[in-house]
$ cat data_8.csv   # CSV, C-alpha atoms
chain,number,residue,atom,x,y,z
A,1,MET,CA,60.9,-8.2,29.7
A,2,SER,CA,60.6,-8.0,26.0
A,3,THR,CA,61.6,-11.6,25.6
A,4,LEU,CA,59.0,-12.6,28.1
A,5,ARG,CA,56.4,-10.6,26.2
A,6,GLN,CA,57.5,-12.2,22.9
A,7,LEU,CA,56.8,-15.6,24.5
A,8,LEU,CA,53.6,-14.8,26.2
A,9,VAL,CA,51.8,-13.0,23.4
A,10,PRO,CA,51.9,-15.9,21.0
A,11,ALA,CA,51.0,-18.3,23.8
A,12,ALA,CA,48.1,-16.2,24.8
A,13,ALA,CA,47.0,-16.0,21.2
A,14,VAL,CA,47.1,-19.7,20.8
A,15,ALA,CA,45.2,-20.2,24.0
A,16,VAL,CA,42.5,-17.8,22.9
A,17,CYS,CA,42.2,-19.5,19.5
A,18,VAL,CA,42.0,-22.9,21.0
A,19,CYS,CA,39.8,-22.2,24.1
A,20,ALA,CA,37.4,-19.5,22.8
A,21,PRO,CA,35.5,-21.8,20.4
A,22,CYS,CA,35.2,-24.4,23.1
A,23,ALA,CA,34.0,-21.7,25.6
A,24,LEU,CA,31.4,-20.4,23.0
A,25,GLY,CA,30.1,-23.9,22.4
A,26,ALA,CA,31.7,-24.9,19.2
A,27,GLY,CA,31.1,-28.5,19.9
A,28,HIS,CA,27.4,-28.1,20.7
A,29,PRO,CA,24.8,-29.5,18.4
A,30,LYS,CA,22.8,-27.1,16.3
A,31,PRO,CA,19.1,-26.8,17.1
A,32,PRO,CA,16.5,-27.9,14.6
A,33,LEU,CA,15.7,-25.2,12.1
A,34,ARG,CA,13.1,-22.7,13.5
A,35,PRO,CA,11.9,-20.7,10.5
A,36,PHE,CA,12.0,-16.9,10.9
A,37,ILE,CA,14.1,-17.3,14.0
A,38,ASP,CA,17.2,-19.1,12.8
A,39,PRO,CA,19.0,-18.4,9.5
A,40,ILE,CA,18.6,-20.9,6.7
A,41,GLU,CA,21.7,-22.6,5.2
A,42,LEU,CA,22.0,-21.1,1.8
A,43,HIS,CA,25.6,-20.1,1.9
A,44,GLN,CA,26.4,-22.0,-1.3
A,45,TRP,CA,23.3,-20.8,-3.1
A,46,TRP,CA,23.1,-17.2,-1.9
A,47,PHE,CA,22.8,-15.8,-5.5
A,48,VAL,CA,19.5,-17.6,-6.0
A,49,LEU,CA,18.0,-15.1,-3.6
A,50,LEU,CA,18.4,-12.5,-6.3
A,51,VAL,CA,15.3,-13.9,-8.0
A,52,PRO,CA,12.8,-13.4,-5.1
A,53,MET,CA,14.4,-10.0,-4.4
A,54,ALA,CA,14.0,-8.9,-8.0
A,55,PHE,CA,10.4,-10.2,-8.0
A,56,PHE,CA,9.3,-8.3,-4.9
A,57,VAL,CA,11.0,-5.1,-6.0
A,58,ALA,CA,9.2,-5.4,-9.4
A,59,MET,CA,6.0,-6.2,-7.7
A,60,ILE,CA,6.1,-3.0,-5.5
A,61,TYR,CA,7.5,-0.8,-8.2
A,62,LYS,CA,5.0,-1.7,-10.8
A,63,ALA,CA,2.1,-1.3,-8.3
A,64,VAL,CA,3.2,2.3,-7.9
A,65,ARG,CA,4.4,3.1,-11.3
A,66,LEU,CA,2.0,1.6,-13.8
A,67,GLN,CA,-0.6,4.0,-15.2
A,68,THR,CA,-3.2,1.3,-15.2
A,69,ILE,CA,-3.1,-2.0,-13.4
A,70,GLU,CA,-4.0,-4.1,-16.5
A,71,ARG,CA,-1.4,-6.7,-17.3
A,72,TYR,CA,0.2,-6.1,-14.0
A,73,TRP,CA,1.8,-9.5,-13.6
A,74,TRP,CA,3.2,-9.5,-17.1
A,75,HIS,CA,5.0,-6.2,-16.3
A,76,VAL,CA,6.2,-7.7,-13.0
A,77,CYS,CA,7.6,-10.7,-14.8
A,78,VAL,CA,9.3,-8.6,-17.4
A,79,MET,CA,10.9,-6.3,-14.8
A,80,THR,CA,12.0,-9.3,-12.8
A,81,LEU,CA,13.7,-10.7,-15.8
A,82,GLN,CA,15.3,-7.4,-16.6
A,83,ILE,CA,16.7,-7.0,-13.1
A,84,VAL,CA,18.1,-10.6,-13.1
A,85,LEU,CA,19.6,-10.3,-16.5
A,86,GLY,CA,21.0,-6.8,-15.6
A,87,MET,CA,22.7,-8.1,-12.5
A,88,ILE,CA,24.1,-11.1,-14.4
A,89,GLY,CA,25.4,-8.6,-17.0
A,90,LEU,CA,26.9,-6.4,-14.3
A,91,GLY,CA,28.6,-9.4,-12.8
A,92,ALA,CA,30.0,-10.5,-16.1
A,93,ALA,CA,31.3,-7.0,-16.8
A,94,THR,CA,32.9,-6.8,-13.4
A,95,TRP,CA,34.5,-10.1,-13.9
A,96,PHE,CA,35.8,-9.0,-17.3
A,97,VAL,CA,37.3,-5.8,-15.9
A,98,VAL,CA,38.9,-7.5,-12.9
A,99,PHE,CA,40.2,-10.7,-14.5
A,100,ILE,CA,40.9,-9.5,-18.1
A,101,ILE,CA,41.4,-5.8,-18.3
A,102,ALA,CA,43.2,-5.4,-15.0
A,103,ARG,CA,45.5,-8.3,-15.8
A,104,ILE,CA,46.4,-6.8,-19.2
A,105,VAL,CA,47.0,-3.4,-17.6
A,106,ALA,CA,49.2,-5.0,-14.9
A,107,GLU,CA,51.2,-7.0,-17.4
A,108,ARG,CA,51.8,-3.9,-19.5
A,109,ALA,CA,52.8,-1.9,-16.5
A,110,GLY,CA,55.5,-4.3,-15.9
B,1,MET,CA,-5.4,22.4,0.2
B,2,PRO,CA,-7.9,19.6,0.1
B,3,PRO,CA,-10.1,18.8,3.0
B,4,PRO,CA,-8.5,16.3,5.4
B,5,HIS,CA,-11.4,13.9,5.2
B,6,PRO,CA,-14.2,13.1,2.7
B,7,PRO,CA,-17.1,15.5,3.0
B,8,THR,CA,-19.5,14.6,5.8
B,9,SER,CA,-22.4,14.5,3.3
B,10,GLN,CA,-20.8,11.4,1.7
B,11,ARG,CA,-20.7,9.4,5.0
B,12,THR,CA,-23.6,7.0,5.6
B,13,ASP,CA,-24.2,4.2,8.0
B,14,ASP,CA,-23.6,1.7,5.1
B,15,PRO,CA,-20.6,-0.4,6.1
B,16,ALA,CA,-19.3,-0.1,2.5
B,17,ALA,CA,-19.7,3.6,2.5
B,18,PRO,CA,-16.4,4.6,4.1
B,19,HIS,CA,-14.5,2.7,1.4
B,20,ALA,CA,-16.6,4.1,-1.3
B,21,ALA,CA,-16.2,7.6,0.1
B,22,ALA,CA,-12.4,7.2,0.3
B,23,ALA,CA,-12.3,5.9,-3.2
B,24,ASP,CA,-14.3,8.9,-4.4
B,25,TYR,CA,-12.1,11.1,-2.3
B,26,GLY,CA,-9.0,9.7,-3.8
B,27,SER,CA,-10.1,9.9,-7.4
B,28,ARG,CA,-11.2,13.5,-7.0
B,29,HIS,CA,-8.2,14.8,-5.0
B,30,ALA,CA,-5.5,12.5,-6.2
B,31,THR,CA,-3.3,15.4,-7.5
B,32,HIS,CA,-2.8,17.0,-4.1
B,33,PHE,CA,-0.9,16.4,-1.0
B,34,GLN,CA,-2.4,13.6,1.0
B,35,PRO,CA,-1.0,13.5,4.6
B,36,VAL,CA,-3.5,11.0,5.9
B,37,ALA,CA,-2.6,8.6,3.1
B,38,GLY,CA,1.1,9.1,3.8
B,39,VAL,CA,0.7,8.3,7.5
B,40,LEU,CA,-1.4,5.3,6.8
B,41,ALA,CA,1.1,4.0,4.3
B,42,LEU,CA,3.8,4.4,6.9
B,43,LEU,CA,1.7,2.5,9.5
B,44,MET,CA,0.9,-0.4,7.2
B,45,PRO,CA,2.3,-0.9,3.7
B,46,GLY,CA,-0.3,-0.4,1.1
B,47,LEU,CA,-2.8,1.1,3.4
B,48,GLY,CA,-2.3,4.6,1.9
B,49,HIS,CA,-3.2,3.5,-1.5
B,50,TRP,CA,-6.1,1.5,-0.2
B,51,PHE,CA,-7.4,4.7,1.5
B,52,LEU,CA,-7.1,6.6,-1.7
B,53,GLY,CA,-9.2,4.0,-3.4
B,54,TYR,CA,-6.5,2.1,-5.2
B,55,ARG,CA,-7.4,-1.2,-3.6
B,56,ARG,CA,-5.5,-3.6,-5.9
B,57,ARG,CA,-2.4,-1.4,-5.8
B,58,GLY,CA,-2.6,-1.4,-2.0
B,59,VAL,CA,-2.9,-5.1,-1.8
B,60,TYR,CA,0.1,-5.6,-4.2
B,61,ILE,CA,2.2,-3.2,-2.2
B,62,ALA,CA,1.3,-4.8,1.1
B,63,VAL,CA,2.0,-8.3,-0.2
B,64,GLY,CA,5.3,-7.2,-1.9
B,65,VAL,CA,6.7,-5.2,1.1
B,66,LEU,CA,5.6,-7.7,3.8
B,67,ALA,CA,6.7,-10.7,1.8
B,68,MET,CA,10.1,-9.1,1.2
B,69,PHE,CA,10.5,-8.3,4.8
B,70,ALA,CA,9.4,-11.8,5.8
B,71,THR,CA,11.9,-13.3,3.3
B,72,GLY,CA,14.6,-11.4,5.0
B,73,LEU,CA,13.6,-12.9,8.3
B,74,LEU,CA,13.4,-16.3,6.7
B,75,VAL,CA,16.9,-16.0,5.3
B,76,GLY,CA,18.7,-14.3,8.1
B,77,GLY,CA,16.6,-15.3,11.0
B,78,ILE,CA,15.4,-12.8,13.6
B,79,ASP,CA,18.9,-11.7,14.0
B,80,ALA,CA,18.6,-9.8,10.7
B,81,VAL,CA,16.5,-7.1,12.5
B,82,ASP,CA,18.7,-5.6,15.3
B,83,ARG,CA,18.7,-1.9,16.0
B,84,ARG,CA,21.5,-2.3,18.6
B,85,GLU,CA,24.0,-4.1,16.4
B,86,ASP,CA,23.0,-3.0,12.9
B,87,PHE,CA,21.5,0.4,13.5
B,88,PRO,CA,22.1,1.8,9.9
B,89,TRP,CA,20.4,-1.2,8.4
B,90,PHE,CA,17.6,-0.9,10.9
B,91,LEU,CA,16.9,2.7,9.8
B,92,GLY,CA,15.9,1.3,6.4
B,93,GLN,CA,14.0,-1.6,7.9
B,94,ALA,CA,12.0,0.7,10.1
B,95,LEU,CA,10.5,2.2,7.0
B,96,VAL,CA,8.4,-1.0,6.7
B,97,GLY,CA,6.5,0.4,9.6
B,98,PRO,CA,5.5,-0.9,13.1
B,99,VAL,CA,6.0,-4.5,11.9
B,100,ALA,CA,9.8,-4.0,11.8
B,101,VAL,CA,9.8,-2.1,15.1
B,102,GLY,CA,7.8,-4.9,16.7
B,103,VAL,CA,10.1,-7.6,15.3
B,104,ASP,CA,13.1,-5.7,16.8
B,105,TRP,CA,11.3,-5.4,20.1
B,106,VAL,CA,10.6,-9.1,20.2
B,107,HIS,CA,14.2,-9.8,19.3
B,108,GLN,CA,15.6,-7.5,22.0
B,109,SER,CA,13.3,-8.5,24.8
B,110,ARG,CA,12.6,-12.2,24.1
B,111,PHE,CA,15.6,-13.6,22.4
B,112,LYS,CA,18.7,-11.7,23.6
B,113,VAL,CA,20.3,-12.6,26.9
B,114,ARG,CA,21.2,-10.1,29.6
B,115,ASP,CA,24.5,-10.3,31.3
B,116,VAL,CA,26.8,-7.7,33.0
B,117,GLN,CA,27.6,-6.1,29.7
B,118,GLY,CA,24.0,-5.7,28.7
B,119,LEU,CA,22.0,-7.4,26.0
B,120,ARG,CA,23.7,-9.7,23.6
B,121,SER,CA,22.9,-12.8,21.4
B,122,ALA,CA,23.2,-16.1,23.2
B,123,TYR,CA,26.2,-18.3,22.5
B,124,PRO,CA,25.5,-21.8,21.1
B,125,ASN,CA,26.1,-23.3,24.5
B,126,GLU,CA,23.7,-21.0,26.3
B,127,TYR,CA,20.1,-21.2,27.2
B,128,ARG,CA,18.0,-18.1,28.0
B,129,ASN,CA,16.4,-18.2,31.4
B,130,PRO,CA,12.8,-17.1,30.7
B,131,ARG,CA,12.4,-15.6,34.2
B,132,ASN,CA,15.1,-13.0,34.0
B,133,GLY,CA,16.7,-13.3,30.5
B,134,GLU,CA,20.1,-14.3,31.9
B,135,PRO,CA,22.2,-16.8,30.1
B,136,VAL,CA,22.5,-20.3,31.5
B,137,ILE,CA,25.4,-22.5,30.4
B,138,THR,CA,24.2,-25.8,29.0
B,139,THR,CA,25.9,-29.1,29.2
B,140,LEU,CA,25.5,-32.1,26.8
B,141,ASP,CA,23.7,-35.1,28.1
B,142,PRO,CA,26.0,-38.0,27.6
B,143,ALA,CA,23.1,-40.3,27.0
B,144,ASP,CA,21.7,-38.6,23.9
B,145,GLY,CA,24.0,-35.6,23.3
B,146,LEU,CA,21.2,-33.1,23.7
B,147,PRO,CA,22.0,-29.9,25.6
B,148,MET,CA,20.4,-29.4,29.0
B,149,ALA,CA,20.3,-26.4,31.3
B,150,ARG,CA,19.9,-26.2,35.0
B,151,LEU,CA,17.8,-23.2,35.8
B,152,PRO,CA,18.5,-21.8,39.3
B,153,SER,CA,15.5,-21.7,41.5
B,154,PRO,CA,14.3,-18.3,42.8
B,155,GLY,CA,15.5,-19.1,46.3
B,156,GLY,CA,18.9,-20.3,45.1
B,157,ASP,CA,18.4,-23.8,46.4
B,158,PRO,CA,20.3,-26.2,44.1
B,159,LEU,CA,18.1,-29.1,45.0
B,160,THR,CA,15.0,-27.5,43.5
B,161,ALA,CA,16.7,-26.3,40.4
B,162,GLN,CA,14.7,-26.9,37.2
B,163,VAL,CA,16.3,-28.9,34.5
B,164,VAL,CA,15.4,-28.0,30.9
B,165,LYS,CA,16.1,-30.4,28.1
B,166,PRO,CA,16.7,-29.9,25.2
B,167,ALA,CA,17.9,-26.4,26.1
B,168,TRP,CA,18.6,-24.8,22.8
B,169,PRO,CA,19.8,-21.2,22.5
B,170,PRO,CA,16.9,-18.8,21.9
B,171,ASN,CA,18.1,-18.2,18.3
B,172,VAL,CA,21.1,-19.0,16.1
B,173,LYS,CA,23.0,-15.9,15.3
B,174,SER,CA,23.2,-15.5,11.6
B,175,MET,CA,26.6,-15.0,10.1
B,176,SER,CA,28.2,-13.9,6.8
B,177,ARG,CA,26.0,-13.8,3.7
B,178,MET,CA,22.9,-15.0,5.3
B,179,ASN,CA,23.0,-12.1,7.8
B,180,GLU,CA,23.9,-9.6,5.1
B,181,LEU,CA,21.1,-10.8,2.7
B,182,GLY,CA,18.5,-11.0,5.5
B,183,MET,CA,19.3,-7.4,6.4
B,184,LEU,CA,19.4,-6.4,2.8
B,185,PHE,CA,15.9,-7.8,2.1
B,186,GLY,CA,14.4,-5.9,5.1
B,187,THR,CA,16.1,-2.7,4.2
B,188,ILE,CA,15.1,-2.8,0.6
B,189,ALA,CA,11.6,-3.6,1.7
B,190,GLY,CA,11.7,-0.4,3.8
B,191,MET,CA,13.1,1.7,1.0
B,192,MET,CA,10.5,0.4,-1.4
B,193,ASN,CA,7.8,1.2,1.1
B,194,LEU,CA,9.2,4.8,1.3
B,195,ILE,CA,8.6,5.1,-2.4
B,196,CYS,CA,5.0,3.9,-1.7
B,197,VAL,CA,4.6,6.4,1.1
B,198,ILE,CA,5.8,9.3,-1.1
B,199,ASP,CA,3.5,8.1,-3.9
B,200,ALA,CA,0.5,7.9,-1.6
B,201,SER,CA,1.3,11.3,-0.1
B,202,PHE,CA,1.7,13.0,-3.5
B,203,SER,CA,-0.6,11.0,-5.8
B,204,ARG,CA,-0.3,12.0,-9.4
B,205,ARG,CA,-2.7,12.9,-12.1
B,206,ARG,CA,-1.8,10.0,-14.3
B,207,ARG,CA,-4.1,7.6,-12.5
B,208,GLU,CA,-7.2,9.7,-12.8
B,209,GLY,CA,-10.0,7.4,-13.9
B,210,ASP,CA,-8.1,4.3,-12.9
B,211,PRO,CA,-10.1,2.7,-10.0
B,212,ALA,CA,-7.5,0.1,-9.3
$ encode --input "data_8.csv" --output "C-alpha cells"
Amino acid sequence: MSTLRQLLVPAAAVAVCVCAPCALGAGHPKPPLRPFIDPIELHQWWFVLLVPMAFFVAMIYKAVRLQTIERYWWHVCVMTLQIVLGMIGLGAATWFVVFIIARIVAERAG
Amino acid sequence: MPPPHPPTSQRTDDPAAPHAAAADYGSRHATHFQPVAGVLALLMPGLGHWFLGYRRRGVYIAVGVLAMFATGLLVGGIDAVDRREDFPWFLGQALVGPVAVGVDWVHQSRFKVRDVQGLRSAYPNEYRNPRNGEPVITTLDPADGLPMARLPSPGGDPLTAQVVKPAWPPNVKSMSRMNELGMLFGTIAGMMNLICVIDASFSRRRREGDPA
C-alpha cells in the first residue's frame, strides 16, 4: 500500500503541474492592455514607482502640515527628494548589513 | 462647543455666500472639533478642508489622494482593490472614501465570475457571461488565434448559442509585485486621507489668518 502511495503521489504531482497550467489557460494570448483594469508590466522597473509614491505622499502631507501654503510645490519637491534619498539610503544600509556585516559575523563564527 | 453650522445670519441667497460663510466659519472656529468637516473629508478627500475654507489645501489633498489611489489601480489593475481576497489591505483603502468602496463593488459585481464555490477572478481561458456572471471556457480560433466563447442561450438550445469573439477575460489578475504595489498605493492613499480627516476634524490654531 505504501509502495503504491509512493508511486501515485509523485505521478499525481507531475500530472497537476503539467495539466493545471493548461487547464487555467496558460497557452491563451493576453488581452490588450486595459488601463485601470489590467495590471501594467513593470516587474523589472518596480522601484521607479517609489518616485510617484513619494511625490503624492509629500503632496498630501505638505497640504496638511504647512503653516502657510506659500512655496507649496517647492516644499513638496524637497520632501519627495528626501523620501527617495532616504529610501535609497535605507536600501544601501540594509545591503551593507546583509552582505557585509552578516558575512563577516558568519565567517568569525566559524 | 462650536455651532454645527455657520450662523443663519450669514446665509444669503448669493450663490457664493455658502462658501464665504464656510470660510469665515473655518477661520473663526478652526481650533475646535469639527465633526462636519471630518465627515466631509471622509466622504470625499479634501472636502473637509474645502468646507473649512482652506480651498487650495482641499484641492491639493483631493488631487494627491485620488491620484495616488488611481495610480494603484493603474499599476495593479482593478484586482488591487478586493475586500474578499485582501481584506486587511482593503481596510486601509476604504479610508479613501466611497470611491474605494465603489471600485470594490464594481470589481466584485462586474468583473468576478460566479461558480459553485462563489465569486472568484476569471482564469485566462475564461469569459464572463454578462447575463449571469458565470465563467465560460474559451477556445482559440485556429484562423487568427483569438479566444472565442460560446454563450449558452437562455433556453439551452445549442443552435442559438451566441458566439463572442474576441472573448477576453474580464480582467487580468495582477500577480507578484504589481499586485503588492497596487494595493500599497491604495492603502497609503487611505492612510494619508485618515491624516487629512483628523486634521480637518481637529483643525489647529497655526493656520489662523491663512485663507488657503
$ interface_residues --input "data_8.csv" --of "chain B" --to "chain A" --cutoff "6 Å" --atoms "all atoms listed in the file" --output "PyMOL selection string"
chain B and resi 57+61+64+73-78+123-125+171-172+174+207
$ residues_around --input "data_8.csv" --residues "stretch 191-203 of chain B" --least-positions-apart "2" --cutoff "7 Å" --atoms "only C-alpha atoms" --output "PyMOL selection string"
(chain A and resi 60+64) or (chain B and resi 30-35+37-38+41-42+45+48-49+65+92+95-96+187-189+205)
$ closest_residue --input "data_8.csv" --among "B:Ala149, B:Val36, B:Ala100, B:Ile137" --to "B:Leu66" --atoms "only C-alpha atoms"
B:Ala100
$ atom_distance --input "data_8.csv" --atom1 "atom CA of B:Gly46" --atom2 "atom CA of B:Ala67"
12.5 Å
$ atom_distance --input "data_8.csv" --atom1 "atom CA of B:Ala70" --atom2 "atom CA of B:Phe185"
8.5 Å
$ atom_distance --input "data_8.csv" --atom1 "atom CA of B:Ala143" --atom2 "atom CA of B:Ala161"
20.4 Å
$ closest_residue --input "data_8.csv" --among "A:Cys77, A:Arg71, A:Met87, A:Ile101" --to "A:Val48" --atoms "all atoms listed in the file"
A:Met87
